[in-house]
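Engineer: protein_7.cif (mmCIF, C-alpha atoms and all ligand atoms) pasted underneath:
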```
data_target
#
loop_
_atom_site.label_atom_id
_atom_site.label_comp_id
_atom_site.auth_asym_id
_atom_site.auth_seq_id
_atom_site.Cartn_x
_atom_site.Cartn_y
_atom_site.Cartn_z
CA MET N 258 213.01 18.27 -17.34
CA GLY N 259 216.61 19.16 -16.49
CA LYS N 260 218.07 15.67 -16.73
CA LYS N 261 221.84 15.47 -16.56
CA VAL N 262 223.11 14.24 -19.92
CA THR N 263 226.71 13.24 -20.61
CA VAL N 264 227.96 12.07 -24.00
CA TYR N 265 231.19 10.11 -24.42
CA SER N 266 232.26 10.26 -28.04
CA THR N 267 235.09 10.50 -30.55
CA THR N 268 235.36 12.98 -33.39
CA THR N 269 235.69 10.21 -35.97
CA CYS N 270 232.51 8.27 -35.31
CA SER N 271 229.45 9.17 -37.35
CA TYR N 272 227.01 7.71 -34.81
CA CYS N 273 228.49 10.11 -32.23
CA ILE N 274 227.83 13.03 -34.55
CA ARG N 275 224.28 11.80 -35.20
CA ALA N 276 223.60 11.31 -31.48
CA LYS N 277 224.79 14.82 -30.64
CA GLN N 278 222.77 16.25 -33.55
CA PHE N 279 219.70 14.46 -32.21
CA LEU N 280 220.18 15.96 -28.74
CA ASN N 281 220.69 19.42 -30.23
CA GLU N 282 217.57 19.11 -32.38
CA ASN N 283 215.60 18.33 -29.24
CA ASN N 284 217.14 21.23 -27.31
CA ILE N 285 218.79 18.94 -24.80
CA ILE N 286 221.74 20.46 -22.96
CA PHE N 287 224.57 17.96 -22.58
CA GLU N 288 228.21 17.71 -21.68
CA ASN N 289 230.42 16.04 -24.26
CA PHE N 290 233.75 14.30 -23.63
CA ASP N 291 236.07 13.38 -26.48
CA VAL N 292 237.36 10.05 -25.19
CA SER N 293 240.05 9.86 -27.87
CA ALA N 294 241.75 12.86 -26.26
CA ASP N 295 240.73 12.40 -22.61
CA GLN N 296 242.04 9.10 -21.22
CA GLU N 297 240.48 9.62 -17.80
CA LYS N 298 237.03 10.06 -19.31
CA ALA N 299 237.65 7.08 -21.59
CA GLN N 300 238.23 4.91 -18.50
CA GLU N 301 235.11 6.37 -16.88
CA MET N 302 233.08 5.48 -19.96
CA ILE N 303 234.43 1.91 -20.04
CA GLN N 304 233.72 1.56 -16.32
CA LYS N 305 230.16 2.84 -16.63
CA SER N 306 229.18 0.90 -19.75
CA GLY N 307 231.33 -2.22 -19.40
CA GLN N 308 232.34 -1.93 -23.04
CA MET N 309 234.50 0.12 -25.39
CA GLY N 310 232.24 1.21 -28.24
CA VAL N 311 231.25 4.84 -28.77
CA PRO N 312 229.04 6.75 -28.32
CA VAL N 313 227.91 6.18 -24.75
CA LEU N 314 225.20 8.37 -23.23
CA ASP N 315 224.66 8.77 -19.54
CA ILE N 316 221.17 10.16 -18.97
CA ASP N 317 220.66 10.67 -15.24
CA GLY N 318 222.59 7.48 -14.52
CA GLN N 319 220.92 5.47 -17.26
CA ILE N 320 223.59 4.19 -19.65
CA ILE N 321 222.84 3.94 -23.34
CA VAL N 322 225.38 2.38 -25.68
CA GLY N 323 225.33 3.45 -29.32
CA PHE N 324 222.99 5.85 -31.10
CA ASP N 325 219.84 4.09 -29.92
CA LYS N 326 217.28 6.75 -30.80
CA GLU N 327 214.33 5.00 -29.16
CA GLY N 328 216.31 4.30 -25.98
CA ILE N 329 217.46 7.91 -25.81
CA LYS N 330 213.93 9.21 -26.34
CA LYS N 331 212.61 6.97 -23.59
CA ALA N 332 215.33 7.95 -21.12
CA LEU N 333 214.68 11.62 -21.81
CA GLY N 334 210.93 11.24 -21.73
CA LEU N 335 210.54 12.69 -25.25
CA MET A 117 200.78 4.08 -52.48
CA LEU A 118 204.41 5.16 -52.71
CA GLU A 119 206.15 5.33 -56.07
CA LEU A 120 209.55 4.32 -54.72
CA ILE A 121 211.13 2.80 -51.63
CA ILE A 122 214.89 2.95 -51.33
CA ILE A 123 216.44 0.38 -49.00
CA GLY A 124 219.68 1.67 -47.51
CA ALA A 125 221.17 5.15 -47.01
CA GLY A 126 224.78 4.61 -48.02
CA PRO A 127 226.28 6.39 -51.04
CA ALA A 128 224.04 4.42 -53.46
CA GLY A 129 220.76 4.92 -51.58
CA ILE A 130 221.35 8.57 -50.81
CA THR A 131 222.27 9.43 -54.39
CA ALA A 132 219.19 7.55 -55.62
CA ALA A 133 217.11 9.59 -53.15
CA VAL A 134 218.52 12.89 -54.41
CA TYR A 135 217.72 11.98 -58.01
CA ALA A 136 214.25 10.64 -57.17
CA ALA A 137 213.41 13.71 -55.07
CA ARG A 138 214.44 16.00 -57.92
CA LYS A 139 212.09 14.02 -60.19
CA ARG A 140 209.40 14.66 -57.56
CA MET A 141 208.70 10.96 -57.05
CA SER A 142 206.83 10.08 -53.87
CA LEU A 143 209.47 8.17 -51.98
CA LEU A 144 210.60 6.73 -48.70
CA VAL A 145 214.11 5.76 -47.64
CA ILE A 146 214.37 2.94 -45.08
CA SER A 147 217.79 2.36 -43.55
CA LYS A 148 219.60 1.07 -40.50
CA ASP A 149 221.91 4.08 -40.59
CA ILE A 150 223.05 7.00 -42.71
CA GLY A 151 226.30 6.88 -44.61
CA GLY A 152 226.75 3.12 -44.66
CA GLN A 153 230.29 1.88 -45.08
CA ALA A 154 231.37 5.32 -46.24
CA ALA A 155 231.05 6.42 -42.62
CA TRP A 156 233.52 3.74 -41.52
CA SER A 157 236.36 4.68 -43.77
CA GLY A 158 239.19 6.82 -42.47
CA ASP A 159 240.57 8.97 -45.20
CA ILE A 160 238.81 9.19 -48.52
CA GLU A 161 241.08 10.54 -51.22
CA ASN A 162 239.34 9.33 -54.36
CA TYR A 163 235.92 10.96 -54.33
CA THR A 164 235.96 13.61 -57.05
CA GLY A 165 235.78 17.16 -55.79
CA TYR A 166 237.23 16.31 -52.41
CA GLN A 167 240.96 15.82 -52.45
CA PHE A 168 240.63 14.66 -48.89
CA ILE A 169 237.62 14.03 -46.67
CA SER A 170 237.08 11.70 -43.72
CA GLY A 171 234.34 9.06 -43.89
CA PRO A 172 232.21 10.54 -41.09
CA GLU A 173 232.42 14.00 -42.70
CA LEU A 174 231.32 12.67 -46.08
CA ALA A 175 228.45 10.77 -44.43
CA ASP A 176 227.42 14.01 -42.80
CA LYS A 177 227.44 15.81 -46.15
CA PHE A 178 225.28 13.01 -47.58
CA ALA A 179 222.76 13.42 -44.75
CA GLU A 180 222.71 17.18 -45.36
CA HIS A 181 222.11 16.67 -49.07
CA ILE A 182 218.95 14.56 -48.65
CA GLY A 183 217.89 16.81 -45.79
CA LYS A 184 217.78 19.67 -48.27
CA TYR A 185 215.08 17.89 -50.30
CA GLY A 186 213.08 16.94 -47.24
CA VAL A 187 213.25 13.26 -48.16
CA ASN A 188 211.10 11.03 -45.98
CA LEU A 189 213.51 8.82 -44.05
CA LYS A 190 212.98 5.95 -41.63
CA GLU A 191 216.25 5.57 -39.81
CA GLN A 192 217.20 2.63 -37.57
CA GLU A 193 214.71 0.41 -39.34
CA ALA A 194 215.75 -2.80 -41.10
CA VAL A 195 214.03 -4.40 -44.06
CA VAL A 196 213.37 -8.10 -43.45
CA GLY A 197 211.18 -9.03 -46.42
CA LEU A 198 210.41 -8.07 -50.01
CA LYS A 199 207.59 -9.55 -52.12
CA LYS A 200 205.93 -8.56 -55.34
CA SER A 201 202.27 -9.45 -55.74
CA GLY A 202 200.59 -8.25 -58.93
CA ASP A 203 201.86 -4.74 -59.56
CA ILE A 204 202.46 -3.98 -55.89
CA ILE A 205 205.70 -4.52 -54.02
CA LEU A 206 205.44 -5.21 -50.31
CA VAL A 207 208.34 -4.15 -48.13
CA LYS A 208 208.38 -5.56 -44.63
CA THR A 209 210.52 -4.17 -41.81
CA GLY A 210 210.84 -5.10 -38.17
CA LYS A 211 208.36 -2.31 -37.38
CA SER A 212 205.91 -2.03 -40.26
CA ASN A 213 204.75 -2.96 -43.75
CA TYR A 214 204.91 -0.66 -46.76
CA GLU A 215 203.47 -0.79 -50.29
CA THR A 216 205.20 0.70 -53.28
CA LYS A 217 205.33 0.60 -57.08
CA THR A 218 209.12 0.36 -57.35
CA VAL A 219 212.05 -0.47 -55.06
CA ILE A 220 215.77 0.25 -55.17
CA ILE A 221 217.82 -2.16 -53.09
CA ALA A 222 220.94 -0.28 -51.93
CA SER A 223 221.66 -2.19 -48.74
CA GLY A 224 225.38 -2.56 -49.34
CA LYS A 225 227.64 -4.87 -47.43
CA ARG A 226 228.54 -5.66 -43.83
CA SER A 227 231.66 -6.98 -42.14
CA ARG A 228 232.28 -10.68 -42.30
CA GLU A 229 232.91 -12.28 -38.93
CA LEU A 230 235.98 -14.35 -38.12
CA GLY A 231 233.96 -17.20 -36.69
CA VAL A 232 236.32 -18.07 -33.84
CA PRO A 233 235.60 -18.70 -30.14
CA GLY A 234 235.44 -15.50 -28.10
CA GLU A 235 234.39 -13.27 -31.02
CA LYS A 236 230.78 -12.73 -29.88
CA GLU A 237 231.65 -12.32 -26.16
CA PHE A 238 234.33 -9.73 -26.76
CA LYS A 239 232.52 -7.65 -29.39
CA ASN A 240 232.81 -4.02 -28.22
CA LYS A 241 234.96 -5.24 -25.34
CA GLY A 242 238.13 -4.77 -27.28
CA LEU A 243 236.99 -6.43 -30.51
CA THR A 244 235.53 -4.21 -33.21
CA TYR A 245 234.79 -4.14 -36.91
CA CYS A 246 235.28 -0.38 -37.28
CA ALA A 247 238.72 1.13 -36.77
CA THR A 248 237.49 4.62 -37.63
CA CYS A 249 234.76 4.54 -34.97
CA ASP A 250 236.51 2.78 -32.11
CA GLY A 251 240.22 3.12 -32.88
CA PRO A 252 240.81 6.24 -30.75
CA LEU A 253 239.95 4.28 -27.59
CA PHE A 254 243.10 2.18 -27.92
CA SER A 255 245.56 4.96 -27.43
CA GLY A 256 248.95 3.64 -26.27
CA LYS A 257 247.80 0.01 -26.35
CA PRO A 258 249.00 -2.96 -28.43
CA VAL A 259 246.41 -4.01 -31.01
CA ALA A 260 245.95 -6.56 -33.78
CA VAL A 261 244.37 -5.99 -37.17
CA ILE A 262 243.09 -9.21 -38.72
CA GLY A 263 243.12 -9.27 -42.52
CA GLY A 264 245.34 -8.44 -45.45
CA GLY A 265 243.30 -6.42 -47.96
CA ASN A 266 242.54 -2.73 -48.37
CA SER A 267 240.31 -2.37 -45.32
CA ALA A 268 242.90 -4.08 -43.11
CA LEU A 269 245.59 -1.74 -44.48
CA ASP A 270 243.32 1.27 -43.94
CA ALA A 271 242.70 0.18 -40.34
CA ALA A 272 246.41 -0.42 -39.69
CA LEU A 273 247.32 3.00 -41.05
CA GLN A 274 244.75 4.68 -38.81
CA LEU A 275 245.97 2.73 -35.78
CA VAL A 276 249.69 3.49 -36.11
CA ASN A 277 248.83 7.03 -35.04
CA ILE A 278 247.03 5.79 -31.92
CA ALA A 279 248.22 2.40 -30.67
CA SER A 280 251.61 1.47 -29.20
CA LYS A 281 252.03 -1.47 -31.56
CA VAL A 282 250.03 -2.85 -34.48
CA TYR A 283 250.20 -6.54 -35.37
CA LEU A 284 248.84 -7.21 -38.81
CA VAL A 285 247.66 -10.82 -38.84
CA ASN A 286 247.25 -12.07 -42.38
CA ILE A 287 246.19 -15.61 -43.28
CA THR A 288 247.82 -15.57 -46.75
CA SER A 289 251.49 -15.41 -47.63
CA ALA A 290 251.46 -11.76 -48.76
CA LEU A 291 249.30 -8.64 -48.35
CA SER A 292 246.86 -7.76 -51.11
CA GLY A 293 245.38 -4.28 -51.55
CA ASP A 294 246.75 -1.12 -53.14
CA GLU A 295 250.50 -0.80 -53.66
CA ILE A 296 250.66 2.69 -52.07
CA MET A 297 248.96 1.54 -48.88
CA ARG A 298 250.97 -1.68 -48.74
CA GLN A 299 254.23 0.25 -48.91
CA LYS A 300 253.12 2.63 -46.18
CA VAL A 301 252.16 -0.25 -43.90
CA GLU A 302 255.26 -2.34 -44.59
CA SER A 303 257.62 0.55 -43.91
CA ASP A 304 255.95 1.63 -40.66
CA GLN A 305 258.05 0.99 -37.54
CA LYS A 306 255.01 0.27 -35.39
CA VAL A 307 253.60 -2.45 -37.64
CA GLU A 308 254.62 -6.07 -37.27
CA LEU A 309 253.37 -8.13 -40.17
CA LEU A 310 252.48 -11.77 -39.47
CA ASN A 311 251.86 -13.53 -42.78
CA ASP A 312 250.63 -17.13 -43.12
CA THR A 313 249.04 -16.71 -39.71
CA GLN A 314 245.56 -17.71 -38.61
CA VAL A 315 243.62 -16.42 -35.62
CA THR A 316 242.08 -19.32 -33.70
CA ALA A 317 240.56 -17.65 -30.62
CA ILE A 318 239.98 -14.38 -28.78
CA THR A 319 240.91 -14.40 -25.10
CA GLY A 320 240.43 -12.12 -22.09
CA ASP A 321 238.44 -11.56 -18.93
CA ARG A 322 236.06 -8.61 -18.92
CA PHE A 323 237.94 -7.15 -21.85
CA VAL A 324 240.22 -8.51 -24.56
CA LYS A 325 243.66 -9.55 -23.33
CA GLY A 326 244.92 -11.38 -26.38
CA ILE A 327 244.44 -13.68 -29.34
CA LYS A 328 245.61 -17.15 -30.16
CA ILE A 329 247.43 -17.43 -33.46
CA LYS A 330 248.53 -20.43 -35.43
CA ARG A 331 251.46 -20.45 -37.84
CA ALA A 332 253.56 -23.27 -39.23
CA GLY A 333 251.31 -25.69 -37.34
CA ARG A 334 252.06 -24.16 -33.94
CA GLU A 335 249.55 -22.30 -31.79
CA GLU A 336 250.75 -19.44 -29.62
CA PRO A 337 249.26 -16.56 -27.64
CA LEU A 338 249.70 -12.91 -28.60
CA ALA A 339 248.98 -10.23 -26.01
CA VAL A 340 246.84 -7.39 -27.44
CA GLU A 341 244.12 -5.20 -25.97
CA GLY A 342 242.37 -4.32 -29.19
CA ILE A 343 241.32 -6.47 -32.14
CA PHE A 344 240.18 -5.02 -35.44
CA VAL A 345 238.52 -7.58 -37.69
CA GLU A 346 238.87 -6.72 -41.39
CA VAL A 347 238.31 -10.03 -43.17
CA GLY A 348 236.00 -9.02 -45.94
CA LEU A 349 232.38 -8.20 -46.52
CA LEU A 350 229.05 -9.93 -47.07
CA PRO A 351 226.16 -8.48 -49.12
CA ASN A 352 223.02 -7.50 -47.16
CA SER A 353 220.79 -9.34 -49.62
CA GLU A 354 219.10 -12.01 -47.43
CA PHE A 355 215.70 -10.27 -47.34
CA ALA A 356 215.46 -10.24 -51.14
CA THR A 357 214.63 -13.93 -51.48
CA ASP A 358 213.06 -13.77 -54.96
CA VAL A 359 215.81 -11.69 -56.53
CA GLU A 360 218.51 -13.46 -58.55
CA LYS A 361 222.01 -13.43 -57.03
CA ASN A 362 225.47 -14.64 -57.98
CA LYS A 363 227.63 -17.09 -56.01
CA LEU A 364 228.82 -14.31 -53.71
CA LEU A 365 225.14 -13.55 -52.91
CA GLU A 366 225.37 -10.24 -54.76
CA ILE A 367 222.19 -9.16 -56.55
CA GLN A 368 222.49 -9.49 -60.31
CA VAL A 369 221.70 -6.32 -62.24
CA ASN A 370 222.00 -5.23 -65.86
CA SER A 371 223.44 -1.92 -67.02
CA ARG A 372 220.12 -0.23 -66.19
CA ASN A 373 220.19 -1.58 -62.61
CA GLU A 374 217.21 -3.84 -63.30
CA THR A 375 216.92 -7.13 -61.38
CA ASN A 376 214.97 -10.17 -62.57
CA ILE A 377 211.82 -8.69 -60.97
CA PRO A 378 210.23 -5.81 -62.94
CA GLY A 379 210.07 -2.71 -60.74
CA VAL A 380 212.80 -3.94 -58.41
CA PHE A 381 216.15 -2.23 -59.02
CA ALA A 382 219.43 -2.55 -57.13
CA ALA A 383 222.56 -0.41 -56.84
CA GLY A 384 225.98 -0.27 -55.24
CA ASP A 385 227.91 -2.79 -53.17
CA VAL A 386 224.97 -5.16 -52.76
CA THR A 387 225.04 -5.83 -56.52
CA ASP A 388 227.39 -7.66 -58.86
CA VAL A 389 228.67 -4.36 -60.29
CA PRO A 390 232.43 -4.67 -60.77
CA GLU A 391 234.44 -2.62 -58.24
CA LYS A 392 233.07 -1.43 -54.93
CA GLN A 393 233.77 2.24 -54.37
CA ILE A 394 231.85 5.24 -53.06
CA ILE A 395 231.77 7.05 -56.37
CA ILE A 396 230.68 3.90 -58.20
CA ALA A 397 227.91 3.20 -55.68
CA ALA A 398 226.76 6.81 -55.97
CA GLY A 399 226.72 6.63 -59.77
CA GLU A 400 224.84 3.33 -59.71
CA GLY A 401 222.31 4.86 -57.30
CA SER A 402 221.58 7.71 -59.69
CA LYS A 403 221.16 5.29 -62.59
CA ALA A 404 218.78 3.14 -60.57
CA ALA A 405 216.62 6.16 -59.67
CA LEU A 406 216.41 7.26 -63.30
CA SER A 407 215.53 3.69 -64.34
CA ALA A 408 212.76 3.55 -61.72
CA PHE A 409 211.45 6.91 -62.95
CA ARG A 410 211.42 5.67 -66.56
CA TYR A 411 209.75 2.41 -65.51
CA LEU A 412 206.91 4.33 -63.84
CA ALA A 413 206.45 6.52 -66.91
CA GLN A 414 206.19 3.44 -69.12
CA HIS A 415 204.02 1.28 -66.86
CA LYS A 416 200.77 2.81 -65.72
CA ILE A 417 200.40 1.25 -62.27
C1 LIG I 1 237.05 0.62 -44.07
C2 LIG I 1 236.55 0.98 -45.45
C3 LIG I 1 237.22 1.95 -46.17
C4 LIG I 1 236.77 2.34 -47.45
N1 LIG I 1 237.43 3.34 -48.10
C5 LIG I 1 236.99 3.77 -49.30
C6 LIG I 1 237.62 4.86 -49.98
O1 LIG I 1 238.61 5.46 -49.50
N2 LIG I 1 237.10 5.24 -51.20
C7 LIG I 1 236.02 4.62 -51.76
O2 LIG I 1 235.58 5.03 -52.83
N3 LIG I 1 235.41 3.58 -51.14
C8 LIG I 1 235.86 3.14 -49.93
N4 LIG I 1 235.24 2.07 -49.33
C9 LIG I 1 234.11 1.39 -50.02
C10 LIG I 1 232.81 2.18 -49.94
O3 LIG I 1 232.60 2.57 -48.58
C11 LIG I 1 231.63 1.37 -50.46
O4 LIG I 1 231.88 0.96 -51.77
C12 LIG I 1 230.33 2.18 -50.45
O5 LIG I 1 230.04 2.69 -49.16
C13 LIG I 1 229.14 1.34 -50.94
O6 LIG I 1 227.99 2.09 -50.89
P1 LIG I 1 226.53 1.43 -50.85
O7 LIG I 1 225.58 2.56 -50.72
O8 LIG I 1 226.37 0.52 -51.99
O9 LIG I 1 226.49 0.49 -49.56
P2 LIG I 1 226.80 0.77 -48.01
O10 LIG I 1 227.76 1.90 -47.86
O11 LIG I 1 227.16 -0.55 -47.45
O12 LIG I 1 225.40 1.25 -47.39
C14 LIG I 1 224.33 0.35 -47.19
C15 LIG I 1 223.23 1.00 -46.38
O13 LIG I 1 222.14 0.08 -46.27
C16 LIG I 1 221.73 -0.04 -44.92
N5 LIG I 1 221.15 -1.39 -44.74
C17 LIG I 1 221.78 -2.58 -44.78
N6 LIG I 1 220.92 -3.60 -44.61
C18 LIG I 1 219.70 -3.03 -44.47
C19 LIG I 1 218.39 -3.55 -44.27
N7 LIG I 1 218.14 -4.88 -44.19
N8 LIG I 1 217.37 -2.68 -44.14
C20 LIG I 1 217.59 -1.34 -44.23
N9 LIG I 1 218.80 -0.80 -44.43
C21 LIG I 1 219.85 -1.63 -44.54
C22 LIG I 1 222.96 0.24 -44.12
O14 LIG I 1 222.63 0.66 -42.83
C23 LIG I 1 223.61 1.35 -44.96
O15 LIG I 1 223.06 2.60 -44.65
C24 LIG I 1 235.64 1.69 -48.04
C25 LIG I 1 234.98 0.69 -47.31
C26 LIG I 1 235.42 0.32 -46.03
C27 LIG I 1 234.66 -0.74 -45.28
#
```
Could you quickly redo this structure as structure tokens?
Structural biologist:
Amino acid sequence: MGKKVTVYSTTTCSYCIRAKQFLNENNIIFENFDVSADQEKAQEMIQKSGQMGVPVLDIDGQIIVGFDKEGIKKALGL
Amino acid sequence: MLELIIIGAGPAGITAAVYAARKRMSLLVISKDIGGQAAWSGDIENYTGYQFISGPELADKFAEHIGKYGVNLKEQEAVVGLKKSGDIILVKTGKSNYETKTVIIASGKRSRELGVPGEKEFKNKGLTYCATCDGPLFSGKPVAVIGGGNSALDAALQLVNIASKVYLVNITSALSGDEIMRQKVESDQKVELLNDTQVTAITGDRFVKGIKIKRAGREEPLAVEGIFVEVGLLPNSEFATDVEKNKLLEIQVNSRNETNIPGVFAAGDVTDVPEKQIIIAAGEGSKAALSAFRYLAQHKI
């Protein structure tokens, strides 16, 4: 597979935790940015998704807003 | 056929699931998410055993607890209908239909909307109903919290650590909510309290740029980049059309968590139980599970 997966999240959002757990359970390697601490990445996330809610997942350029399990599965081909 | 379906995985539903699993009932939990409102709250300082825990952490512990019992869970599925025919209860979701002997409704409450122009368009574009989830994105920005009760105070206290300025826009003449929190908010340098003030519109371009407020008959703009709506809660009870509710649309239960329909129980914030707290919802959930267990023992279905 080897899709590039980026997660934009905050430490205080339970959907972020659940989304990352889901990726881990499926052995997906991903890069995580804490957008509450990293302003530059926060702007990047807002730019990419056109909105300000977390989490945002970038799966090979496909943007998924929120912990949308079905959407994530589809994008990853699971 | 299942013995029990639990609707909702907040504190009430999860505690019911733990009790039912330990009684070895065949059960299924159907919920939009795990943790419910408990996951939205910032600091929880009144759940026995934890002097301090954050909402997301507690929600995580809840998920771990039902995980331990291998409870069957349908996540991200919403119940849309509930009907009893004969001895069987039919539970309908957006995805499927289920049959069960008993049900516990533990679907809690959701945020009430303001109902002003711009609210729908700017949702997640600067307007949010969850300070805990989205607050950190407003670092160094001016924000407004709309409301005057405990959740508004909780949101304001989270935001003073993040935002450059916090306007607290309250429609009544004084804040309600706990004295301790009120004092903290009122004495904070970053908070500007606007009492007797109504929000009439949300404005912006791609993202929120401000709100319109009305006080003493005059409408004026207020420049903010974040809006946190905390104007109360509505029970998630619409799908339970045959169940008796009070004026607030809360499901009416007796001290055994029974509703007017035999075999249908309810627990937590969705019910008319006095006081809405995590520990109360959890306690009600355990009672409901034990009532459902007793009901099955007494009625051979
Ligand atoms: C900001 C905030 C701060 C708070 N702080 C505290 C605090 O410090 N201490 C405290 O004790 N209490 C606090 N509370 C109150 C506490 O969170 C609630 O009393 C408690 O979560 C109620 O639990 P519940 O299980 O009844 O409902 P909820 O927590 O509302 O959970 C309901 C569950 O049902 C699911 N659901 C809803 N509709 C459906 C449907 N149609 N189909 C399937 N599933 C559905 C939801 O996804 C959710 O999982 C706070 C609340 C808020 C909003």
Engineer: Report as JSON the centre and the edge lengths, in Å to one decimal, of the axis-aligned box holding every listed atom of stretch 277-292 of chain A, padded by 8 Å on each side.
Structural biologist:
```
{"center_x": 249.1, "center_y": -4.3, "center_z": -40.2, "size_x": 21.8, "size_y": 38.6, "size_z": 37.9}
```
Engineer: For ligand LIG 1 (chain I), collect every residue having any atom at a distance of at most 6 Å from a ligand atom (counting only C-alpha atoms and all ligand atoms); output as an MDAnalysis selection string.
Structural biologist: chainID A and resid 123:129 146:154 156:157 159:162 193:196 222:225 267 352 384:386 392:395 397
Engineer: I'd like the neighbourhood of N:Thr269 as an MDAnalysis selection string, where a residue qualifies if any of its atoms comes within 9 Å (using all atoms listed in the file), though same-chain residues fewer than 2 positions away should be ignored.
Structural biologist: (chainID N and resid 266:267 271 273:274) or (chainID A and resid 155:156 158 170:173 248:252)
Engineer: Using all atoms listed in the file, find the residues of chain N whose closest atom to chain A is at most 10 Å away, then write them as a list in words.
Structural biologist: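 Applying the cut-off to the listed atoms yields Ser266, Thr267, Thr268, Thr269, Cys270, Ser271, Tyr272, Cys273, Ile274, Arg275, Asp291, Val292, Ser293, Ala294, Asp295, Gln296, Ala299, Gln300, Ile303, Gly307, Gln308, Met309, Gly310, Val311, Pro312, Phe324, Asp325, Lys326 and Glu327 of chain N.
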Engineer: Env of N:Ile320: 9 Å cut, atoms = all atoms listed in the file, seq-sep filter 4 positions within chain, self excluded. Answer as an NGL selection string.
Structural biologist: :N and (305-306 or 313-316)
Engineer: Contacts of A:Ser289 at 10 Å or less, counting all atoms listed in the file, minus same-chain residues fewer than 5 places along, as a short mmCIF file (atom, residue, chain, number, x, y, z; two decimals) with C-alpha atoms, keeping the file's coordinate frame?
Structural biologist:
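Once written, around.cif looks like this:
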```cif
data_model
loop_
_atom_site.label_atom_id
_atom_site.label_comp_id
_atom_site.auth_asym_id
_atom_site.auth_seq_id
_atom_site.Cartn_x
_atom_site.Cartn_y
_atom_site.Cartn_z
CA GLY A 264 245.34 -8.44 -45.45
CA LEU A 310 252.48 -11.77 -39.47
CA ASN A 311 251.86 -13.53 -42.78
CA ASP A 312 250.63 -17.13 -43.12
CA THR A 313 249.04 -16.71 -39.71
#
```
Engineer: Which of these residues is nearest to A:Val261, using all atoms listed in the file: A:Ile287, A:Val301, A:Ile182, A:Val345?
Structural biologist: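 The shortest atom-to-atom distance to A:Val261 comes from A:Val345.
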Engineer: Could you tell me how far atom CA of A:Ala356 lies from atom CA of A:Thr209, in Å and to one decimal?
Structural biologist: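 Distance reported for this atom pair: 12.2 Å.
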Engineer: Would you list the contacts of N:Gly259 as a PyMOL selection string, taking every protein, DNA or RNA residue within 12 Å and counting only C-alpha atoms, but skipping same-chain residues closer than 4 positions in sequence?
Structural biologist: chain N and resi 284-287+316-317+333-334
Engineer: Kindly reconstruct stretch 265-274 of chain N with N, CA, C and O atoms and present the result as a PDB file, in the coordinates of the input.
Structural biologist:
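To be explicit, this is the file written out as selection-v9.pdb:
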```
ATOM      1  N   TYR N 265     229.808  10.523 -24.204  1.00  0.00           N
ATOM      2  CA  TYR N 265     231.190  10.110 -24.420  1.00  0.00           C
ATOM      3  C   TYR N 265     231.318   9.773 -25.896  1.00  0.00           C
ATOM      4  O   TYR N 265     230.594   8.896 -26.390  1.00  0.00           O
ATOM      5  N   SER N 266     232.208  10.461 -26.592  1.00  0.00           N
ATOM      6  CA  SER N 266     232.260  10.260 -28.040  1.00  0.00           C
ATOM      7  C   SER N 266     233.674  10.428 -28.572  1.00  0.00           C
ATOM      8  O   SER N 266     234.585  10.779 -27.827  1.00  0.00           O
ATOM      9  N   THR N 267     233.837  10.140 -29.876  1.00  0.00           N
ATOM     10  CA  THR N 267     235.090  10.500 -30.550  1.00  0.00           C
ATOM     11  C   THR N 267     234.702  11.352 -31.753  1.00  0.00           C
ATOM     12  O   THR N 267     233.546  11.343 -32.181  1.00  0.00           O
ATOM     13  N   THR N 268     235.674  12.084 -32.277  1.00  0.00           N
ATOM     14  CA  THR N 268     235.360  12.980 -33.390  1.00  0.00           C
ATOM     15  C   THR N 268     235.230  12.215 -34.703  1.00  0.00           C
ATOM     16  O   THR N 268     234.754  12.750 -35.691  1.00  0.00           O
ATOM     17  N   THR N 269     235.674  10.947 -34.715  1.00  0.00           N
ATOM     18  CA  THR N 269     235.690  10.210 -35.970  1.00  0.00           C
ATOM     19  C   THR N 269     234.526   9.242 -36.120  1.00  0.00           C
ATOM     20  O   THR N 269     234.503   8.455 -37.050  1.00  0.00           O
ATOM     21  N   CYS N 270     233.581   9.261 -35.216  1.00  0.00           N
ATOM     22  CA  CYS N 270     232.510   8.270 -35.310  1.00  0.00           C
ATOM     23  C   CYS N 270     231.211   8.946 -35.711  1.00  0.00           C
ATOM     24  O   CYS N 270     230.776   9.907 -35.097  1.00  0.00           O
ATOM     25  N   SER N 271     230.611   8.454 -36.805  1.00  0.00           N
ATOM     26  CA  SER N 271     229.450   9.170 -37.350  1.00  0.00           C
ATOM     27  C   SER N 271     228.223   8.991 -36.452  1.00  0.00           C
ATOM     28  O   SER N 271     227.372   9.859 -36.401  1.00  0.00           O
ATOM     29  N   TYR N 272     228.143   7.871 -35.730  1.00  0.00           N
ATOM     30  CA  TYR N 272     227.010   7.710 -34.810  1.00  0.00           C
ATOM     31  C   TYR N 272     227.090   8.725 -33.666  1.00  0.00           C
ATOM     32  O   TYR N 272     226.063   9.141 -33.136  1.00  0.00           O
ATOM     33  N   CYS N 273     228.332   9.097 -33.289  1.00  0.00           N
ATOM     34  CA  CYS N 273     228.490  10.110 -32.230  1.00  0.00           C
ATOM     35  C   CYS N 273     227.938  11.436 -32.728  1.00  0.00           C
ATOM     36  O   CYS N 273     227.200  12.127 -32.025  1.00  0.00           O
ATOM     37  N   ILE N 274     228.297  11.776 -33.963  1.00  0.00           N
ATOM     38  CA  ILE N 274     227.830  13.030 -34.550  1.00  0.00           C
ATOM     39  C   ILE N 274     226.312  13.030 -34.617  1.00  0.00           C
ATOM     40  O   ILE N 274     225.653  13.989 -34.240  1.00  0.00           O
TER      41      ILE N 274
END
```
